[in-house]
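Text of target22.pdb, listed as PDB, C-alpha atoms and all ligand atoms:
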```
ATOM      1  CA  MET Q   1      75.196 107.639 122.706
ATOM      2  CA  VAL Q   2      77.683 105.125 124.171
ATOM      3  CA  LEU Q   3      76.094 102.104 125.802
ATOM      4  CA  SER Q   4      77.737  99.908 128.407
ATOM      5  CA  PRO Q   5      78.114  96.171 127.621
ATOM      6  CA  SER Q   6      75.249  95.326 129.987
ATOM      7  CA  GLU Q   7      72.990  97.924 128.352
ATOM      8  CA  ILE Q   8      73.853  96.503 124.941
ATOM      9  CA  ALA Q   9      73.082  92.988 126.198
ATOM     10  CA  ALA Q  10      69.724  94.144 127.600
ATOM     11  CA  ARG Q  11      68.785  95.843 124.328
ATOM     12  CA  GLN Q  12      69.794  92.785 122.362
ATOM     13  CA  ARG Q  13      67.559  90.583 124.543
ATOM     14  CA  ASP Q  14      64.605  92.901 124.031
ATOM     15  CA  GLU Q  15      64.930  93.205 120.304
ATOM     16  CA  ARG Q  16      61.958  91.936 118.350
ATOM     17  CA  VAL Q  17      62.564  89.977 115.122
ATOM     18  CA  ASP Q  18      60.147  90.939 112.341
ATOM     19  CA  TYR Q  19      61.297  88.539 109.656
ATOM     20  CA  GLU Q  20      63.318  85.388 109.206
ATOM     21  CA  TRP Q  21      65.266  85.121 105.961
ATOM     22  CA  SER Q  22      64.424  81.789 104.464
ATOM     23  CA  ILE Q  23      67.689  80.560 102.956
ATOM     24  CA  ASP Q  24      66.369  77.927 100.601
ATOM     25  CA  ASP Q  25      63.791  80.035  98.820
ATOM     26  CA  ALA Q  26      65.516  83.395  99.385
ATOM     27  CA  ARG Q  27      62.600  85.348 100.818
ATOM     28  CA  LEU Q  28      61.462  86.976 104.018
ATOM     29  CA  VAL Q  29      59.048  85.176 106.291
ATOM     30  CA  GLY Q  30      57.148  87.373 108.752
ATOM     31  CA  THR Q  31      57.308  86.350 112.392
ATOM     32  CA  GLY Q  32      54.136  88.137 113.395
ATOM     33  CA  GLY Q  33      55.908  91.304 114.479
ATOM     34  CA  ALA Q  34      55.769  92.856 111.017
ATOM     35  CA  ASP Q  35      53.363  95.648 110.139
ATOM     36  CA  ALA Q  36      52.868  97.965 107.150
ATOM     37  CA  ARG Q  37      55.825 100.123 108.194
ATOM     38  CA  THR Q  38      58.268  97.256 108.519
ATOM     39  CA  ASP Q  39      56.894  95.629 105.375
ATOM     40  CA  ALA Q  40      57.718  98.774 103.397
ATOM     41  CA  ARG Q  41      61.281  98.779 104.783
ATOM     42  CA  ALA Q  42      61.786  95.103 104.114
ATOM     43  CA  ALA Q  43      60.265  95.060 100.634
ATOM     44  CA  ARG Q  44      63.601  95.354  98.862
ATOM     45  CA  PHE Q  45      65.768  93.476 101.345
ATOM     46  CA  ALA Q  46      67.607  90.643  99.613
ATOM     47  CA  LEU Q  47      70.543  88.418 100.429
ATOM     48  CA  HIS Q  48      72.400  85.535  98.905
ATOM     49  CA  VAL Q  49      73.223  82.618 101.226
ATOM     50  CA  VAL Q  50      74.670  79.397  99.811
ATOM     51  CA  ARG Q  51      74.865  76.269 101.920
ATOM     52  CA  ASP Q  52      77.785  73.858 101.903
ATOM     53  CA  VAL Q  53      80.346  75.760  99.891
ATOM     54  CA  LEU Q  54      82.818  73.467 101.665
ATOM     55  CA  ASP Q  55      82.421  69.892 102.864
ATOM     56  CA  GLU Q  56      83.404  68.948 106.414
ATOM     57  CA  GLN Q  57      86.831  67.710 105.381
ATOM     58  CA  ALA Q  58      87.650  70.916 103.512
ATOM     59  CA  GLU Q  59      86.365  72.947 106.437
ATOM     60  CA  ALA Q  60      88.609  71.057 108.893
ATOM     61  CA  ALA Q  61      91.634  71.524 106.617
ATOM     62  CA  LEU Q  62      90.889  75.221 106.265
ATOM     63  CA  VAL Q  63      90.571  75.724 110.017
ATOM     64  CA  ARG Q  64      93.899  73.932 110.505
ATOM     65  CA  SER Q  65      95.544  76.224 107.955
ATOM     66  CA  ILE Q  66      94.065  79.307 109.582
ATOM     67  CA  ASN Q  67      95.315  78.313 113.012
ATOM     68  CA  ALA Q  68      98.719  77.194 111.757
ATOM     69  CA  GLY Q  69      99.410  80.064 109.419
ATOM     70  CA  GLY Q  70      98.424  83.229 111.167
ATOM     71  CA  GLU Q  71      98.721  85.159 114.375
ATOM     72  CA  TRP Q  72      95.511  86.019 116.197
ATOM     73  CA  THR Q  73      95.193  89.532 117.541
ATOM     74  CA  PRO Q  74      92.502  90.682 119.959
ATOM     75  CA  SER Q  75      89.673  92.626 118.393
ATOM     76  CA  GLN Q  76      86.543  94.338 119.709
ATOM     77  CA  SER Q  77      83.701  92.646 121.613
ATOM     78  CA  GLY Q  78      85.669  89.527 122.556
ATOM     79  CA  ARG Q  79      86.611  88.599 119.000
ATOM     80  CA  ARG Q  80      90.072  87.707 117.728
ATOM     81  CA  LYS Q  81      91.176  88.397 114.184
ATOM     82  CA  GLN Q  82      93.704  87.734 111.481
ATOM     83  CA  ASP Q  83      93.648  90.515 108.956
ATOM     84  CA  PHE Q  84      95.233  90.417 105.501
ATOM     85  CA  GLY Q  85      94.775  93.644 103.622
ATOM     86  CA  PRO Q  86      95.544  97.333 103.663
ATOM     87  CA  LYS Q  87      95.934  99.397 106.808
ATOM     88  CA  VAL Q  88      92.825 101.543 106.934
ATOM     89  CA  GLY Q  89      92.650 104.878 108.735
ATOM     90  CA  PHE Q  90      88.938 105.067 109.350
ATOM     91  CA  LYS Q  91      89.076 108.603 110.712
ATOM     92  CA  SER Q  92      91.556 110.005 108.213
ATOM     93  CA  ARG Q  93      90.009 107.958 105.399
ATOM     94  CA  ARG Q  94      93.451 106.930 104.206
ATOM     95  CA  LEU Q  95      94.580 103.579 102.964
ATOM     96  CA  SER Q  96      98.081 102.139 102.960
ATOM     97  CA  ALA Q  97      99.273  98.876 101.492
ATOM     98  CA  ALA Q  98     102.981  99.455 102.158
ATOM     99  CA  HIS Q  99     103.117  96.486 104.524
ATOM    100  CA  PHE Q 100     100.736  94.230 102.667
ATOM    101  CA  GLY Q 101     102.377  90.991 101.659
ATOM    102  CA  GLY Q 102      99.443  89.119 100.171
ATOM    103  CA  PHE Q 103      96.887  86.622 101.392
ATOM    104  CA  PRO Q 104      97.886  83.358 103.053
ATOM    105  CA  PRO Q 105      98.305  80.291 100.830
ATOM    106  CA  TYR Q 106      94.911  78.769 101.592
ATOM    107  CA  ALA Q 107      93.042  81.872 100.446
ATOM    108  CA  ARG Q 108      93.093  81.282  96.722
ATOM    109  CA  ALA Q 109      91.324  77.903  96.765
ATOM    110  CA  LEU Q 110      88.719  79.189  99.210
ATOM    111  CA  PHE Q 111      88.067  82.304  97.171
ATOM    112  CA  GLU Q 112      87.785  80.349  93.935
ATOM    113  CA  ARG Q 113      85.377  77.902  95.553
ATOM    114  CA  VAL Q 114      83.197  80.728  96.849
ATOM    115  CA  CYS Q 115      83.157  82.485  93.461
ATOM    116  CA  GLU Q 116      82.116  79.216  91.853
ATOM    117  CA  ALA Q 117      79.309  78.657  94.374
ATOM    118  CA  CYS Q 118      77.853  82.163  94.606
ATOM    119  CA  ALA Q 119      76.196  84.129  91.845
ATOM    120  CA  GLY Q 120      76.942  87.805  91.340
ATOM    121  CA  LEU Q 121      80.663  87.802  92.100
ATOM    122  CA  ASP Q 122      81.903  88.526  88.580
ATOM    123  CA  GLY Q 123      84.838  90.909  88.623
ATOM    124  CA  PHE Q 124      85.200  90.708  92.398
ATOM    125  CA  GLU Q 125      88.817  91.543  93.199
ATOM    126  CA  ALA Q 126      89.443  90.687  96.825
ATOM    127  CA  ALA Q 127      91.515  93.424  98.473
ATOM    128  CA  GLU Q 128      91.071  92.243 102.038
ATOM    129  CA  MET Q 129      90.615  88.920 103.753
ATOM    130  CA  ALA Q 130      89.663  89.100 107.426
ATOM    131  CA  VAL Q 131      89.343  86.035 109.633
ATOM    132  CA  LEU Q 132      87.342  86.486 112.816
ATOM    133  CA  GLU Q 133      87.051  84.097 115.724
ATOM    134  CA  TYR Q 134      84.020  84.261 117.991
ATOM    135  CA  GLU Q 135      84.601  82.198 121.094
ATOM    136  CA  GLU Q 136      81.460  81.794 123.166
ATOM    137  CA  SER Q 137      83.395  81.675 126.469
ATOM    138  CA  ARG Q 138      84.632  85.212 125.792
ATOM    139  CA  GLY Q 139      81.098  86.350 125.017
ATOM    140  CA  ALA Q 140      82.180  87.313 121.521
ATOM    141  CA  CYS Q 141      79.770  89.140 119.236
ATOM    142  CA  ILE Q 142      79.681  91.975 116.729
ATOM    143  CA  ASP Q 143      77.559  95.037 117.296
ATOM    144  CA  TYR Q 144      75.315  96.610 114.698
ATOM    145  CA  HIS Q 145      77.288  98.364 111.998
ATOM    146  CA  ILE Q 146      77.495  99.024 108.262
ATOM    147  CA  ASP Q 147      80.873  98.233 106.710
ATOM    148  CA  ASP Q 148      82.518 101.514 105.639
ATOM    149  CA  ALA Q 149      81.427 102.310 102.106
ATOM    150  CA  TRP Q 150      84.213 104.827 101.346
ATOM    151  CA  VAL Q 151      86.736 101.978 101.454
ATOM    152  CA  TRP Q 152      84.838  98.761 100.741
ATOM    153  CA  GLY Q 153      82.771  98.041  97.670
ATOM    154  CA  ASP Q 154      79.237  96.818  97.214
ATOM    155  CA  ARG Q 155      79.843  93.106  97.757
ATOM    156  CA  ILE Q 156      80.945  91.558 101.031
ATOM    157  CA  VAL Q 157      81.455  87.814 101.102
ATOM    158  CA  ILE Q 158      81.427  85.922 104.399
ATOM    159  CA  VAL Q 159      82.169  82.222 104.864
ATOM    160  CA  SER Q 160      80.996  80.742 108.180
ATOM    161  CA  LEU Q 161      83.020  77.941 109.737
ATOM    162  CA  LEU Q 162      82.632  75.485 112.633
ATOM    163  CA  ALA Q 163      79.336  76.672 114.113
ATOM    164  CA  PRO Q 164      76.040  78.035 112.825
ATOM    165  CA  CYS Q 165      74.922  81.458 113.925
ATOM    166  CA  SER Q 166      72.329  84.009 113.046
ATOM    167  CA  MET Q 167      73.123  87.432 111.760
ATOM    168  CA  ARG Q 168      70.633  90.201 112.274
ATOM    169  CA  PHE Q 169      69.951  93.031 109.870
ATOM    170  CA  ARG Q 170      68.243  96.163 111.104
ATOM    171  CA  ARG Q 171      66.864  99.230 109.393
ATOM    172  CA  GLY Q 172      64.743 101.835 111.083
ATOM    173  CA  GLY Q 173      63.368  99.462 113.704
ATOM    174  CA  CYS Q 174      62.729  96.560 111.334
ATOM    175  CA  VAL Q 175      64.790  93.460 112.160
ATOM    176  CA  VAL Q 176      65.519  90.505 109.880
ATOM    177  CA  ARG Q 177      67.225  87.381 111.208
ATOM    178  CA  VAL Q 178      69.346  85.315 108.833
ATOM    179  CA  GLN Q 179      70.542  81.811 109.703
ATOM    180  CA  LEU Q 180      74.110  81.155 108.634
ATOM    181  CA  PRO Q 181      74.907  77.442 108.726
ATOM    182  CA  ALA Q 182      78.517  76.340 109.184
ATOM    183  CA  ARG Q 183      80.259  76.044 105.796
ATOM    184  CA  SER Q 184      77.842  78.449 104.128
ATOM    185  CA  ALA Q 185      78.705  81.631 102.248
ATOM    186  CA  LEU Q 186      76.803  84.869 102.534
ATOM    187  CA  VAL Q 187      77.016  87.695 100.007
ATOM    188  CA  ILE Q 188      75.806  91.034 101.345
ATOM    189  CA  SER Q 189      75.210  93.593  98.606
ATOM    190  CA  GLY Q 190      72.723  96.171  97.362
ATOM    191  CA  GLU Q 191      70.237  97.564  99.889
ATOM    192  CA  ALA Q 192      71.214  95.070 102.598
ATOM    193  CA  ARG Q 193      74.799  96.284 102.278
ATOM    194  CA  ALA Q 194      74.165  99.987 101.926
ATOM    195  CA  PHE Q 195      71.290 100.689 104.307
ATOM    196  CA  TRP Q 196      70.877  97.829 106.766
ATOM    197  CA  GLU Q 197      73.116  97.462 109.799
ATOM    198  CA  HIS Q 198      74.165  93.906 110.650
ATOM    199  CA  ALA Q 199      75.150  92.260 113.942
ATOM    200  CA  ILE Q 200      75.749  88.913 115.628
ATOM    201  CA  LEU Q 201      74.384  88.757 119.141
ATOM    202  CA  ARG Q 202      76.158  87.072 122.048
ATOM    203  CA  SER Q 203      73.073  85.079 122.826
ATOM    204  CA  GLU Q 204      73.003  83.554 119.368
ATOM    205  CA  LEU Q 205      76.428  81.932 119.443
ATOM    206  CA  ARG Q 206      76.589  78.612 121.225
ATOM    207  CA  THR Q 207      80.023  77.336 120.249
ATOM    208  CA  THR Q 208      83.145  78.827 118.700
ATOM    209  CA  ARG Q 209      82.626  80.131 115.185
ATOM    210  CA  LEU Q 210      85.124  81.427 112.629
ATOM    211  CA  SER Q 211      84.278  83.627 109.687
ATOM    212  CA  VAL Q 212      86.346  84.543 106.668
ATOM    213  CA  THR Q 213      85.337  87.806 104.995
ATOM    214  CA  PHE Q 214      86.483  88.930 101.565
ATOM    215  CA  ARG Q 215      86.059  92.588 100.655
ATOM    216  CA  GLU Q 216      86.589  94.463  97.411
ATOM    217  CA  LEU Q 217      87.648  98.093  97.236
ATOM    218  CA  ALA Q 218      85.068 100.823  96.741
ATOM    219  CA  PRO Q 219      85.016 101.783  93.031
ATOM    220  CA  GLN Q 220      85.890 105.423  93.730
ATOM    221  CA  LEU Q 221      89.274 104.364  95.170
ATOM    222  CA  HIS Q 222      90.340 103.035  91.790
ATOM    223  CA  GLY Q 223      90.376 106.510  90.292
ATOM    224  CA  ASP Q 224      91.762 108.256  93.366
ATOM    225  CA  ARG Q 225      95.311 109.550  92.808
ATOM    226  CA  GLN Q 226      96.071 109.702  96.516
ATOM    227  CA  HIS Q 227      95.519 105.968  96.819
ATOM    228  CA  ALA Q 228      96.899 104.878  93.455
ATOM    229  CA  ARG Q 229      99.951 103.108  94.932
ATOM    230  CA  ALA Q 230      97.982 101.254  97.560
ATOM    231  CA  VAL Q 231      95.351 100.162  95.061
ATOM    232  CA  ARG Q 232      98.018  98.926  92.637
ATOM    233  CA  ARG Q 233      99.861  97.007  95.323
ATOM    234  CA  LEU Q 234      96.700  95.358  96.588
ATOM    235  CA  GLY Q 235      95.782  94.373  93.046
ATOM    236  CA  GLU Q 236      99.208  92.895  92.413
ATOM    237  CA  LEU Q 237      99.646  91.046  95.663
ATOM    238  CA  ALA Q 238      96.246  89.830  96.835
ATOM    239  CA  LEU Q 239      94.699  87.078  94.779
ATOM    240  CA  ARG Q 240      94.068  88.447  91.401
ATOM    241  CA  ARG Q 241      97.310  87.661  89.665
ATOM    242  CA  ARG Q 242      99.288  84.457  89.653
ATOM    243  CA  ALA Q 243     102.525  84.552  91.592
ATOM    244  CA  PRO Q 244     105.692  84.928  89.529
ATOM    245  CA  ALA Q 245     107.628  81.687  89.985
ATOM    246  CA  THR Q 246     110.454  83.369  91.866
ATOM    247  CA  SER Q 247     108.369  85.174  94.429
ATOM    248  CA  ALA Q 248     105.434  82.958  95.310
ATOM    249  CA  HIS Q 249     105.674  84.110  98.893
ATOM    250  CA  ARG Q 250     104.833  87.665  97.865
ATOM    251  CA  VAL Q 251     101.394  86.576  96.780
ATOM    252  CA  CYS Q 252     100.744  83.798  99.185
ATOM    253  CA  GLY Q 253     102.923  84.296 102.197
ATOM    254  CA  GLY Q 254     102.041  87.344 104.225
ATOM    255  CA  TRP Q 255     104.865  89.130 106.041
ATOM    256  CA  ARG Q 256     105.233  86.653 108.835
ATOM    257  CA  ARG Q 257     106.255  83.866 106.462
ATOM    258  CA  VAL Q 258     108.777  85.921 104.545
ATOM    259  CA  PRO Q 259     112.432  85.908 105.661
ATOM    260  CA  ALA Q 260     113.200  88.945 107.799
ATOM    261  CA  ALA Q 261     115.863  90.338 105.439
ATOM    262  CA  TRP Q 262     113.548  90.155 102.440
ATOM    263  CA  ARG Q 263     110.743  91.718 104.427
ATOM    264  CA  TRP Q 264     112.974  94.556 105.590
ATOM    265  CA  ALA Q 265     114.279  95.235 102.099
ATOM    266  CA  HIS Q 266     110.777  95.355 100.651
ATOM    267  CA  ALA Q 267     109.409  97.462 103.461
ATOM    268  CA  GLY Q 268     111.689 100.332 102.446
ATOM    269  CA  GLY Q 269     114.967  99.088 103.882
ATOM    270  CA  GLY Q 270     116.261  98.326 100.359
ATOM    271  CA  ARG Q 271     117.239 101.883  99.597
ATOM    272  CA  SER Q 272     119.091 102.229 102.907
ATOM    273  CA  ALA Q 273     120.909  98.965 102.204
ATOM    274  CA  VAL Q 274     122.262 100.295  98.893
ATOM    275  CA  VAL Q 275     123.372 103.553 100.542
ATOM    276  CA  GLY Q 276     125.037 101.590 103.381
ATOM    277  CA  LEU Q 277     126.854  99.369 100.900
ATOM    278  CA  CYS Q 278     128.136 102.387  98.924
ATOM    279  CA  VAL Q 279     129.427 104.019 102.130
ATOM    280  CA  ALA Q 280     131.128 100.784 103.190
ATOM    281  CA  LEU Q 281     132.801 100.341  99.757
ATOM    282  CA  THR Q 282     133.993 103.946  99.775
ATOM    283  CA  CYS Q 283     135.504 103.481 103.261
ATOM    284  CA  ILE Q 284     137.269 100.298 102.152
ATOM    285  CA  SER Q 285     138.735 101.951  99.031
ATOM    286  CA  VAL Q 286     139.909 104.997 101.047
ATOM    287  CA  ALA Q 287     141.486 102.734 103.675
ATOM    288  CA  THR Q 288     143.177 100.640 100.981
ATOM    289  CA  ALA Q 289     144.510 103.776  99.219
ATOM    290  CA  LEU Q 290     145.851 105.142 102.523
ATOM    291  CA  ALA Q 291     147.492 101.820 103.369
ATOM    292  CA  LYS Q 292     149.116 101.731  99.916
ATOM    293  CA  ARG Q 293     150.441 105.272 100.340
ATOM    294  CA  ARG Q 294     151.824 104.429 103.743
ATOM    295  CA  GLY Q 295     153.462 101.303 102.269
ATOM    296  CA  ALA Q 296     154.935 103.420  99.459
ATOM    297  CA  CYS Q 297     156.440 105.840 102.016
TER     298      CYS Q 297
HETATM  299  O1  LIG Z 301      81.745  87.422 111.249
HETATM  300  C1  LIG Z 301      80.822  87.726 110.518
HETATM  301  O2  LIG Z 301      80.100  86.878 110.008
HETATM  302  C2  LIG Z 301      80.506  89.176 110.255
HETATM  303  C3  LIG Z 301      81.693  90.055 110.266
HETATM  304  C4  LIG Z 301      81.359  91.481 109.969
HETATM  305  O3  LIG Z 301      80.259  91.883 109.866
HETATM  306  C5  LIG Z 301      82.455  92.437 109.808
HETATM  307  O4  LIG Z 301      83.622  92.081 110.036
HETATM  308  O5  LIG Z 301      82.202  93.594 109.439
HETATM  309 FE    FE Z 302      80.215  93.782 108.830
END
```
Once more with this new file: its structure as structure tokens, please.
Amino acid sequence: MVLSPSEIAARQRDERVDYEWSIDDARLVGTGGADARTDARAARFALHVVRDVLDEQAEAALVRSINAGGEWTPSQSGRRKQDFGPKVGFKSRRLSAAHFGGFPPYARALFERVCEACAGLDGFEAAEMAVLEYEESRGACIDYHIDDAWVWGDRIVIVSLLAPCSMRFRRGGCVVRVQLPARSALVISGEARAFWEHAILRSELRTTRLSVTFRELAPQLHGDRQHARAVRRLGELALRRRAPATSAHRVCGGWRRVPAAWRWAHAGGGRSAVVGLCVALTCISVATALAKRRGAC
């Protein structure tokens, strides 16, 4: 069923919240709407929210880097995004990293800070970093969804910037509301990741908020021959390995910051360049030989 924006807004207004997720003691607090059915659904719901992974100064610097370093593109439901990761064909279930040039320079410090602050991120290899902007004047929001599990792994890490918001989780009619303060990190994994849809309602955003989401690849992609190249390239260029001294921009730059000629060569133009050069050299030698012969005559 496809709902119009006004129908979605009406449903969102009517939605009852059964539980609030209490950040500081990591448990659900019933709001009075809960009953035995919702209790059973919520029994194994768990999240990890960590306050103040950044201080205000670090947050301001990060927002400056985001705005200075990347190009915003319009996304759904009034959001704008900057996406660093593979191209994902959601219908075809194909992944390509041919144009992936790495995360922007600020990503490494942020990722390391988040890994230090949050438990349970051992072995997390970020394959995508997505920055979203929710501007309240555009009525930005994100509708209920579950992040695609064929491409993304169990853990999703979201850093909230500039404004607090609440994210709702829903499963079979049971709704949990989670407060996300600015500068906090949220790790969605386990049941909350696999079975609960999440959303941010229009009505629960008062001022502009940014979020930075890190995703790891689904484990089955690592053994999938069809995606072997893409997986290797993501592993080499995202965050995991240190940049070789001569090509720091490959890890940290992203295509926009790389000189056009380099970008072209690495995007597949290199082979054509070699062929072009060979043709040109052959033409020059033929022309020179002809000229010599003419001179000799
Ligand atoms: O912006 C957020 O906090 C949530 C983003 C999200 O759920 C998504 O991109 O799938
Ligand atoms: Fe999501």
Separation of atom CA of Glu216 of chain Q and atom CA of Lys81 of chain Q, in Å?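 Spanning atom CA of Glu216 of chain Q to atom CA of Lys81 of chain Q is a straight-line distance of 18.4 Å.
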One decimal, in Å: what's the spacing between atom CA of Ser137 of chain Q and atom CA of Ser160 of chain Q? 18.5 Å
Quick check, in Å to one decimal: how far apart do atom CA of Leu234 of chain Q and atom C2 of ligand LIG 301 (chain Z) lie?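 Separating atom CA of Leu234 of chain Q from atom C2 of ligand LIG 301 (chain Z) is a distance of 22.1 Å.
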Ligand FE 302 (chain Z): which residues are within 7 Å, counting only C-alpha atoms and all ligand atoms, as a list of chain:residue names? Q:His145, Q:Ile146, Q:Asp147, Q:His198
Nearby residues, ligand LIG 301 (chain Z), 9 Å, only C-alpha atoms and all ligand atoms, as a count of residues only: 30
Among the residues Q:Val178, Q:Gly173, Q:Ala149, Q:Leu281, the one that comes closest to Arg93 of chain Q [using only C-alpha atoms]: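 Among the listed residues, Q:Ala149 lies closest to Arg93 of chain Q.
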Nearest residue to Arg41 of chain Q out of Q:Gly120, Q:Gly172, Q:Gly190, Q:Gly223, using all atoms listed in the file?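 Result for the nearest residue to Arg41 of chain Q: Q:Gly172.
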Could you tell me, as a PyMOL selection string, exactly which residues end up selected when the PyMOL selection byres (((chain Q and resi 54) around 12) and not hetatm) is applied to this structure? chain Q and resi 50-53+55-63+109-114+116-117+159-162+181-185
Go through the shown structure with the PyMOL selection byres (((chain Q and resi 76) around 9) and not hetatm) and write out the matching residues as a PyMOL selection string. chain Q and resi 74-75+77-80+140-142
Those residues you just picked out, can you put them in a file as a CSV table (one decimal), in the coordinates of the input with C-alpha atoms?
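Saved as out20.csv:
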```
chain,number,residue,atom,x,y,z
Q,74,PRO,CA,92.5,90.7,120.0
Q,75,SER,CA,89.7,92.6,118.4
Q,77,SER,CA,83.7,92.6,121.6
Q,78,GLY,CA,85.7,89.5,122.6
Q,79,ARG,CA,86.6,88.6,119.0
Q,80,ARG,CA,90.1,87.7,117.7
Q,140,ALA,CA,82.2,87.3,121.5
Q,141,CYS,CA,79.8,89.1,119.2
Q,142,ILE,CA,79.7,92.0,116.7
```
I'd like the residues picked by the PyMOL selection byres (((chain Q and resi 85) around 8) and not hetatm) written out as a VMD selection string, using the chain letters and numbers from the file. chain Q and resid 83 to 84 86 to 87 97 100 102 to 103 127 to 130 234 238
Long-range neighbours of Cys174 of chain Q as a PyMOL selection string, 12 Å cut-off, all atoms listed in the file, 6 positions minimum in chain: chain Q and resi 15-20+30-31+33-43+45+168+195-198
Tell me which of Q:Arg27, Q:Arg215, Q:Arg44, Q:Arg206 sits closest to Ala192 of chain Q, counting all atoms listed in the file. Q:Arg44
Calculated over only C-alpha atoms, which of the candidates Q:Val151, Q:Leu201, Q:Ala46, Q:Val286 has the smallest distance to Gln220 of chain Q? Q:Val151
Got a sec: who's within 9 Å of His48 of chain Q, counting only C-alpha atoms, leaving out chain neighbours fewer than 5 positions off, as a list in words?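 The filter keeps Ile23, Ala26, Cys118, Ala119, Ala185, Leu186, Val187, Ile188 and Ser189 of chain Q.
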